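Here the structure comes first, spelled out in structure tokens, and everything after it is commentary.
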Amino acid sequence: ADATGLQLNRATYGNRAFEACGLSVIAVGVVERVASKYGWERADLYVIIEGGAALQHLQLEVTALGLGAVFIGGFDEAAGQGFLDTDTLPIGVVPIGRPR
């Protein structure tokens, strides 16, 4: 695995899906933007729901194209933020590749 794959592997607690993928899509959300419209009480929840829905649609399209994808929601948020050099909220990662 390349350096990026190794960083994703560490950030997702050793998930091996990145070893064979050609592309990884990482969704992040900006809670402040959502809070400015809907308030702080539910902003985190809305960001997670919308981000998860977007990644699910991505998986459906990838599958329709005959490729493989898996949603990974278990990861170290601080490691993900460090890896992406951002303070946004990491929501999930979808590694995409050819099925084995």
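Chain labels follow the order of the structure tokens: the first chain is A, the next B, and so on; residue numbering restarts at 1 in every chain, and ligands are counted from 1 in their shown order.
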- Message: Give me, as JSON, numbers by chain, the residues of chain A that a backbone DSSP run labels helix (DSSP H, G or I).
- Response: {"A": [3, 4, 5, 6, 7, 8, 9, 10, 11, 16, 17, 18, 19, 31, 32, 33, 34, 35, 36, 37, 38, 40, 41, 42, 43, 44, 45, 46, 47, 48, 49, 50, 51, 52, 53, 54, 55, 56, 57, 58, 59, 60, 61, 62, 63, 64, 77, 78, 79, 80, 81, 82, 83, 84]}
Neighbouring residues of segment 61-68 of chain A were defined as those with any atom within 9 Å, considering only C-alpha atoms; residues of the same chain fewer than 2 positions away were excluded. Please report them as a CSV table (one decimal) with C-alpha atoms, in the first residue's frame.
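So around.csv came out as:
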chain,number,residue,atom,x,y,z
A,21,CYS,CA,-8.7,0.1,-3.9
A,56,GLN,CA,-24.8,5.5,0.2
A,57,HIS,CA,-25.8,6.9,-3.2
A,58,LEU,CA,-22.2,6.8,-4.2
A,59,GLN,CA,-22.0,3.1,-3.3
A,70,VAL,CA,-17.7,-0.4,1.2
A,95,PRO,CA,-12.8,2.8,-0.8
A,96,ILE,CA,-13.7,1.9,-4.4
A,97,GLY,CA,-12.1,-0.7,-6.6
A,98,ARG,CA,-12.5,-3.8,-8.7
A,99,PRO,CA,-14.0,-6.8,-6.9
A,100,ARG,CA,-11.5,-9.6,-6.3
- Message: Just want the 10 Å neighbourhood of segment 5-12 of chain A, counted on only C-alpha atoms, with same-chain residues fewer than 3 positions away dropped. Output as JSON, numbers by chain.
- Response: {"A": [1, 2, 15, 16, 17, 18, 19, 20, 21, 22, 23, 24, 26, 72, 73, 74, 75, 76, 77, 78, 79, 80, 81, 82, 83, 92, 93, 95]}
Taking only C-alpha atoms into account, produce a table as a tab-separated table in which each residue of segment 69-100 of chain A with an atom at most 8 Å from an atom of segment 31-55 of chain A appears once, together with its shortest atom pair and the distance in Å to one decimal, ordered by chain and rising number.
residue	atom	partner	partner_atom	distance
A:Phe71	CA	A:Leu55	CA	7.4
A:Thr88	CA	A:Val31	CA	7.4
A:Leu89	CA	A:Val31	CA	7.1
A:Ile91	CA	A:Ile48	CA	6.0
A:Gly92	CA	A:Gly52	CA	7.1
A:Val94	CA	A:Leu55	CA	7.2
- Message: I'd like to know which residues of segment 7-59 of chain A are strand (DSSP E or B) (by DSSP, run on the backbone); could you write them as a list in words?
- Response: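 DSSP-assigned strand (DSSP E or B) residues in segment 7-59 of chain A: Leu23, Ser24, Val25, Ile26, Ala27, Val28 and Gly29 of chain A.
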Selection file, N, CA and C atoms, as a compact mmCIF listing (two decimals), in the first residue's frame:
# COMPACT_ATOMS: atom_id res chain seq x y z
N LEU A 23 -9.40 4.14 -5.52
CA LEU A 23 -9.90 5.47 -5.16
C LEU A 23 -10.61 5.38 -3.82
N SER A 24 -10.43 6.37 -2.99
CA SER A 24 -11.17 6.47 -1.74
C SER A 24 -11.85 7.83 -1.69
N VAL A 25 -13.14 7.82 -1.37
CA VAL A 25 -13.90 9.06 -1.22
C VAL A 25 -14.14 9.26 0.26
N ILE A 26 -13.76 10.42 0.75
CA ILE A 26 -13.91 10.75 2.16
C ILE A 26 -14.89 11.91 2.26
N ALA A 27 -15.98 11.70 2.99
CA ALA A 27 -16.97 12.76 3.17
C ALA A 27 -16.71 13.47 4.49
N VAL A 28 -16.76 14.78 4.43
CA VAL A 28 -16.65 15.62 5.62
C VAL A 28 -17.80 16.62 5.61
N GLY A 29 -18.13 17.12 6.78
CA GLY A 29 -19.20 18.11 6.88
C GLY A 29 -18.75 19.33 7.66
